[in-house]
file my_file18.pdb (PDB, C-alpha atoms)
ATOM      1  CA  MET A   1      45.367  40.036 -21.810
ATOM      2  CA  THR A   2      46.342  42.978 -23.952
ATOM      3  CA  ASP A   3      46.195  46.548 -22.669
ATOM      4  CA  ALA A   4      43.104  47.172 -24.808
ATOM      5  CA  GLU A   5      41.361  44.108 -23.339
ATOM      6  CA  ASP A   6      42.289  45.225 -19.814
ATOM      7  CA  ALA A   7      40.868  48.698 -20.482
ATOM      8  CA  GLN A   8      37.674  47.203 -21.914
ATOM      9  CA  LYS A   9      37.275  44.964 -18.851
ATOM     10  CA  ASP A  10      37.822  47.956 -16.542
ATOM     11  CA  ASP A  11      35.182  49.961 -18.444
ATOM     12  CA  LEU A  12      32.721  47.067 -18.226
ATOM     13  CA  ASN A  13      33.344  46.621 -14.502
ATOM     14  CA  ARG A  14      32.868  50.349 -13.902
ATOM     15  CA  LEU A  15      29.552  50.358 -15.760
ATOM     16  CA  LEU A  16      28.205  47.198 -14.141
ATOM     17  CA  PHE A  17      29.546  47.447 -10.601
ATOM     18  CA  GLU A  18      30.629  51.023  -9.859
ATOM     19  CA  PRO A  19      27.786  53.417 -10.628
ATOM     20  CA  ASN A  20      28.067  56.789  -8.919
ATOM     21  CA  VAL A  21      24.352  57.590  -9.270
ATOM     22  CA  LEU A  22      21.525  55.165  -8.497
ATOM     23  CA  ILE A  23      17.819  55.151  -9.219
ATOM     24  CA  ASN A  24      16.354  51.910  -7.940
ATOM     25  CA  GLY A  25      12.630  52.243  -7.406
ATOM     26  CA  PRO A  26       9.701  54.381  -8.456
ATOM     27  CA  ILE A  27      10.252  57.798 -10.025
ATOM     28  CA  GLU A  28       8.672  60.427  -7.776
ATOM     29  CA  GLU A  29       9.379  63.893  -6.379
ATOM     30  CA  LYS A  30      11.838  62.614  -3.757
ATOM     31  CA  THR A  31      13.752  60.788  -6.513
ATOM     32  CA  ILE A  32      14.618  64.205  -7.973
ATOM     33  CA  THR A  33      16.195  65.360  -4.697
ATOM     34  CA  SER A  34      18.210  62.167  -4.311
ATOM     35  CA  PHE A  35      19.335  62.342  -7.937
ATOM     36  CA  LEU A  36      20.387  65.999  -7.657
ATOM     37  CA  ASP A  37      22.432  65.257  -4.530
ATOM     38  CA  GLN A  38      24.195  62.344  -6.219
ATOM     39  CA  VAL A  39      24.912  64.319  -9.402
ATOM     40  CA  ALA A  40      26.272  67.247  -7.370
ATOM     41  CA  ALA A  41      28.822  64.884  -5.823
ATOM     42  CA  VAL A  42      29.833  63.594  -9.275
ATOM     43  CA  ARG A  43      30.015  67.123 -10.681
ATOM     44  CA  SER A  44      32.322  68.253  -7.875
ATOM     45  CA  GLY A  45      34.815  65.540  -8.776
ATOM     46  CA  ASP A  46      36.305  64.484 -12.075
ATOM     47  CA  GLN A  47      34.321  61.309 -12.761
ATOM     48  CA  ASP A  48      31.960  60.584 -15.627
ATOM     49  CA  LEU A  49      28.336  60.147 -14.607
ATOM     50  CA  VAL A  50      27.382  56.453 -14.445
ATOM     51  CA  LEU A  51      23.708  55.919 -13.619
ATOM     52  CA  GLU A  52      22.324  52.531 -12.636
ATOM     53  CA  LEU A  53      18.606  52.540 -13.429
ATOM     54  CA  THR A  54      15.980  50.029 -12.302
ATOM     55  CA  THR A  55      12.438  51.341 -12.069
ATOM     56  CA  VAL A  56       8.786  50.464 -12.452
ATOM     57  CA  GLY A  57       8.274  54.046 -13.660
ATOM     58  CA  GLY A  58       6.270  56.743 -11.969
ATOM     59  CA  ASP A  59       5.858  60.485 -12.329
ATOM     60  CA  ALA A  60       6.516  61.523 -15.947
ATOM     61  CA  ASP A  61       7.332  65.113 -14.988
ATOM     62  CA  ALA A  62       9.803  64.024 -12.299
ATOM     63  CA  ALA A  63      11.493  61.877 -14.963
ATOM     64  CA  ARG A  64      11.653  64.887 -17.304
ATOM     65  CA  ARG A  65      13.373  66.905 -14.555
ATOM     66  CA  ILE A  66      15.952  64.154 -14.009
ATOM     67  CA  ALA A  67      16.481  63.884 -17.774
ATOM     68  CA  LEU A  68      17.168  67.622 -17.922
ATOM     69  CA  GLU A  69      19.865  67.258 -15.260
ATOM     70  CA  VAL A  70      21.538  64.483 -17.292
ATOM     71  CA  LYS A  71      21.659  66.758 -20.342
ATOM     72  CA  LEU A  72      22.986  69.678 -18.287
ATOM     73  CA  PHE A  73      25.715  67.466 -16.828
ATOM     74  CA  SER A  74      26.828  66.326 -20.279
ATOM     75  CA  ARG A  75      26.827  69.827 -21.754
ATOM     76  CA  HIS A  76      28.423  71.741 -18.913
ATOM     77  CA  SER A  77      30.847  69.266 -17.370
ATOM     78  CA  GLU A  78      32.186  68.179 -20.760
ATOM     79  CA  ARG A  79      32.263  64.636 -19.389
ATOM     80  CA  PRO A  80      30.226  61.737 -20.694
ATOM     81  CA  ALA A  81      27.165  60.370 -18.954
ATOM     82  CA  TYR A  82      26.306  56.676 -19.104
ATOM     83  CA  CYS A  83      23.114  54.834 -18.173
ATOM     84  CA  VAL A  84      22.964  51.142 -17.343
ATOM     85  CA  GLY A  85      19.425  49.798 -17.155
ATOM     86  CA  LYS A  86      19.159  46.637 -15.123
ATOM     87  CA  SER A  87      16.264  44.132 -15.214
ATOM     88  CA  TYR A  88      13.416  46.597 -15.854
ATOM     89  CA  VAL A  89      13.247  50.183 -17.048
ATOM     90  CA  TYR A  90       9.587  50.984 -17.311
ATOM     91  CA  SER A  91       7.603  54.014 -18.332
ATOM     92  CA  ALA A  92       9.138  57.169 -16.796
ATOM     93  CA  GLY A  93      12.470  55.324 -16.633
ATOM     94  CA  VAL A  94      12.553  55.279 -20.437
ATOM     95  CA  THR A  95      12.302  59.094 -20.354
ATOM     96  CA  ILE A  96      15.474  59.152 -18.267
ATOM     97  CA  LEU A  97      17.228  56.592 -20.493
ATOM     98  CA  ALA A  98      16.408  58.734 -23.548
ATOM     99  CA  ALA A  99      18.337  61.694 -22.085
ATOM    100  CA  PHE A 100      21.631  59.852 -22.575
ATOM    101  CA  ASP A 101      23.466  59.787 -25.890
ATOM    102  CA  THR A 102      22.413  56.595 -27.648
ATOM    103  CA  PRO A 103      25.901  54.973 -27.611
ATOM    104  CA  ASN A 104      26.009  55.574 -23.827
ATOM    105  CA  ARG A 105      22.744  53.720 -23.146
ATOM    106  CA  TYR A 106      23.314  50.177 -21.895
ATOM    107  CA  LEU A 107      21.006  47.410 -20.730
ATOM    108  CA  THR A 108      21.793  44.142 -19.028
ATOM    109  CA  ALA A 109      20.673  41.136 -21.056
ATOM    110  CA  ASP A 110      17.659  40.454 -18.817
ATOM    111  CA  THR A 111      16.257  43.986 -19.071
ATOM    112  CA  PHE A 112      12.901  44.933 -20.529
ATOM    113  CA  LEU A 113      11.782  48.436 -21.415
ATOM    114  CA  LEU A 114       8.130  49.421 -21.067
ATOM    115  CA  ILE A 115       7.183  52.159 -23.495
ATOM    116  CA  HIS A 116       3.638  53.471 -23.465
ATOM    117  CA  GLU A 117       1.593  56.583 -23.972
ATOM    118  CA  ARG A 118       1.662  59.139 -21.183
ATOM    119  CA  ARG A 119      -0.951  58.294 -18.565
ATOM    120  CA  ILE A 120      -3.252  60.851 -17.012
ATOM    121  CA  SER A 121      -5.841  60.183 -14.369
ATOM    122  CA  GLY A 122      -8.422  62.336 -12.726
ATOM    123  CA  SER A 123     -11.861  63.691 -13.257
ATOM    124  CA  PHE A 124     -13.565  67.018 -13.092
ATOM    125  CA  GLU A 125     -17.103  68.151 -12.678
ATOM    126  CA  LEU A 126     -18.768  70.785 -14.765
ATOM    127  CA  SER A 127     -20.899  73.074 -12.690
ATOM    128  CA  GLY A 128     -21.849  76.700 -13.162
ATOM    129  CA  PRO A 129     -22.355  79.071 -16.042
ATOM    130  CA  VAL A 130     -21.719  77.704 -19.544
ATOM    131  CA  THR A 131     -18.842  80.157 -20.089
ATOM    132  CA  ALA A 132     -17.105  78.892 -16.955
ATOM    133  CA  CYS A 133     -17.680  75.269 -18.012
ATOM    134  CA  ILE A 134     -16.210  75.962 -21.449
ATOM    135  CA  GLN A 135     -13.173  77.523 -19.756
ATOM    136  CA  MET A 136     -12.680  74.396 -17.607
ATOM    137  CA  VAL A 137     -12.898  72.130 -20.647
ATOM    138  CA  GLN A 138     -10.433  74.325 -22.574
ATOM    139  CA  GLU A 139      -7.975  74.180 -19.659
ATOM    140  CA  LYS A 140      -8.185  70.366 -19.520
ATOM    141  CA  LEU A 141      -7.765  70.164 -23.287
ATOM    142  CA  ALA A 142      -4.682  72.425 -23.093
ATOM    143  CA  MET A 143      -3.231  70.127 -20.422
ATOM    144  CA  LEU A 144      -3.849  67.030 -22.587
ATOM    145  CA  GLU A 145      -2.382  68.662 -25.693
ATOM    146  CA  THR A 146       0.721  69.653 -23.721
ATOM    147  CA  ALA A 147       1.056  66.108 -22.387
ATOM    148  CA  GLN A 148       0.782  64.775 -25.934
ATOM    149  CA  ARG A 149       3.453  67.219 -27.176
ATOM    150  CA  LEU A 150       5.809  66.231 -24.334
ATOM    151  CA  GLU A 151       5.197  62.551 -25.081
ATOM    152  CA  LYS A 152       6.086  63.087 -28.750
ATOM    153  CA  GLU A 153       9.264  64.977 -27.835
ATOM    154  CA  GLY A 154      10.257  62.174 -25.457
ATOM    155  CA  PHE A 155       9.676  59.484 -28.085
ATOM    156  CA  GLN A 156      11.696  61.463 -30.630
ATOM    157  CA  GLU A 157      14.548  61.790 -28.150
ATOM    158  CA  LEU A 158      14.511  58.043 -27.519
ATOM    159  CA  LEU A 159      14.549  57.393 -31.274
ATOM    160  CA  ARG A 160      17.475  59.740 -31.995
ATOM    161  CA  GLY A 161      19.627  57.974 -34.610
ATOM    162  CA  CYS A 162      17.839  54.626 -34.439
ATOM    163  CA  LYS A 163      16.168  52.366 -36.996
ATOM    164  CA  MET A 164      12.617  52.587 -35.667
ATOM    165  CA  SER A 165      10.237  55.225 -36.975
ATOM    166  CA  TYR A 166       8.200  57.471 -34.711
ATOM    167  CA  ASP A 167       4.966  56.044 -36.146
ATOM    168  CA  GLU A 168       6.040  52.471 -35.392
ATOM    169  CA  LEU A 169       7.022  53.323 -31.826
ATOM    170  CA  PHE A 170       3.815  55.278 -31.260
ATOM    171  CA  GLN A 171       1.651  52.409 -32.537
ATOM    172  CA  ARG A 172       3.454  49.957 -30.261
ATOM    173  CA  ALA A 173       3.311  52.358 -27.301
ATOM    174  CA  ARG A 174      -0.477  52.586 -27.587
ATOM    175  CA  THR A 175      -0.740  48.991 -26.358
ATOM    176  CA  ASN A 176       2.116  48.944 -23.808
ATOM    177  CA  CYS A 177       5.278  47.981 -25.663
ATOM    178  CA  TYR A 178       7.460  45.637 -23.624
ATOM    179  CA  MET A 179      10.797  45.563 -25.426
ATOM    180  CA  SER A 180      13.665  43.213 -24.590
ATOM    181  CA  ALA A 181      17.261  44.406 -24.422
ATOM    182  CA  GLN A 182      18.005  42.451 -27.599
ATOM    183  CA  GLU A 183      15.139  44.093 -29.471
ATOM    184  CA  ALA A 184      16.174  47.549 -28.220
ATOM    185  CA  LEU A 185      19.700  46.861 -29.499
ATOM    186  CA  SER A 186      18.428  45.639 -32.875
ATOM    187  CA  TYR A 187      16.512  48.916 -33.322
ATOM    188  CA  GLY A 188      19.511  50.989 -32.229
ATOM    189  CA  LEU A 189      17.778  52.407 -29.129
ATOM    190  CA  ILE A 190      20.799  51.466 -26.988
ATOM    191  CA  GLY A 191      24.522  51.289 -27.560
ATOM    192  CA  SER A 192      25.167  47.823 -26.149
ATOM    193  CA  ILE A 193      24.003  44.960 -23.974
ATOM    194  CA  LEU A 194      26.143  44.251 -20.933
ATOM    195  CA  LEU A 195      26.294  40.607 -19.862
TER     196      LEU A 195
END

call {"tool": "encode", "arguments": {"input": "my_file18.pdb", "output": "structure tokens"}}
result
Amino acid sequence: MTDAEDAQKDDLNRLLFEPNVLINGPIEEKTITSFLDQVAAVRSGDQDLVLELTTVGGDADAARRIALEVKLFSRHSERPAYCVGKSYVYSAGVTILAAFDTPNRYLTADTFLLIHERRISGSFELSGPVTACIQMVQEKLAMLETAQRLEKEGFQELLRGCKMSYDELFQRARTNCYMSAQEALSYGLIGSILL
């Protein structure tokens, strides 16, 4: 093997087998704490950030907080951050994946992404004076409009420099878009597939 081939094999092994940050499971509030602790350890050393990501998704706002930390690491440590999605990166996990520079996003060959519209659940009851009821409806509408704006920003971040248009992704996301690693690569959403 040449020196270049040896270096490439070492890089591949590091990405596949030596992550220094792990998210394996649902994205929730406690995931943020675990992630911050792991990133603090990486930041205190001289390593690049290598995240292994396998998730069924979860809390969209927790994912946004983790994504922010990825961006802060890249900007302030002046070291690259890499994400390796393995087997499934669903929903809120795609928000995290999108925080990485596109060439530094990797998926294993068996991985599927699930991209969909932001989900909101809940109900509210209108009761009281009309003015108060209008206020409650306006507050809910403001929450929904903010969620829609955040969703659009997240989709645009995922699409940074790729071949898919926002409109195409949005139309597919409306009906739960399951995207294979190969399809994600063909659209330029990831940098490479790791076998």

call {"tool": "atom_distance", "arguments": {"input": "my_file18.pdb", "atom1": "CA of Leu97 (chain A)", "atom2": "CA of Met143 (chain A)"}}
result
24.5 Å

call {"tool": "residues_around", "arguments": {"input": "my_file18.pdb", "residues": "region 174-186 of chain A", "least_positions_apart": "5", "cutoff": "10 Å", "atoms": "all atoms listed in the file", "output": "PyMOL selection string"}}
result
chain A and resi 85-91+105-118+162-164+169+191-194

call {"tool": "resolve_selection", "arguments": {"input": "my_file18.pdb", "expression": "the PyMOL selection byres ((chain A and resi 19) around 10)", "output": "mmCIF file with C-alpha atoms, in the coordinates of the input"}}
result
data_model
loop_
_atom_site.group_PDB
_atom_site.id
_atom_site.type_symbol
_atom_site.label_atom_id
_atom_site.label_comp_id
_atom_site.auth_asym_id
_atom_site.auth_seq_id
_atom_site.Cartn_x
_atom_site.Cartn_y
_atom_site.Cartn_z
ATOM 1 C CA ASN A 13 33.344 46.621 -14.502
ATOM 2 C CA ARG A 14 32.868 50.349 -13.902
ATOM 3 C CA LEU A 15 29.552 50.358 -15.760
ATOM 4 C CA LEU A 16 28.205 47.198 -14.141
ATOM 5 C CA PHE A 17 29.546 47.447 -10.601
ATOM 6 C CA GLU A 18 30.629 51.023 -9.859
ATOM 7 C CA ASN A 20 28.067 56.789 -8.919
ATOM 8 C CA VAL A 21 24.352 57.590 -9.270
ATOM 9 C CA LEU A 22 21.525 55.165 -8.497
ATOM 10 C CA ASP A 48 31.960 60.584 -15.627
ATOM 11 C CA LEU A 49 28.336 60.147 -14.607
ATOM 12 C CA VAL A 50 27.382 56.453 -14.445
ATOM 13 C CA LEU A 51 23.708 55.919 -13.619
ATOM 14 C CA GLU A 52 22.324 52.531 -12.636
ATOM 15 C CA LEU A 53 18.606 52.540 -13.429
ATOM 16 C CA TYR A 82 26.306 56.676 -19.104
ATOM 17 C CA CYS A 83 23.114 54.834 -18.173
ATOM 18 C CA VAL A 84 22.964 51.142 -17.343
#

call {"tool": "atom_distance", "arguments": {"input": "my_file18.pdb", "atom1": "CA of Ser121 (chain A)", "atom2": "CA of Ile134 (chain A)"}}
result
20.2 Å

call {"tool": "residues_around", "arguments": {"input": "my_file18.pdb", "residues": "Arg160 (chain A)", "least_positions_apart": "3", "cutoff": "12 Å", "atoms": "all atoms listed in the file", "output": "ChimeraX atom specification"}}
result
/A:97-103,105,153-157,163-166,187-191
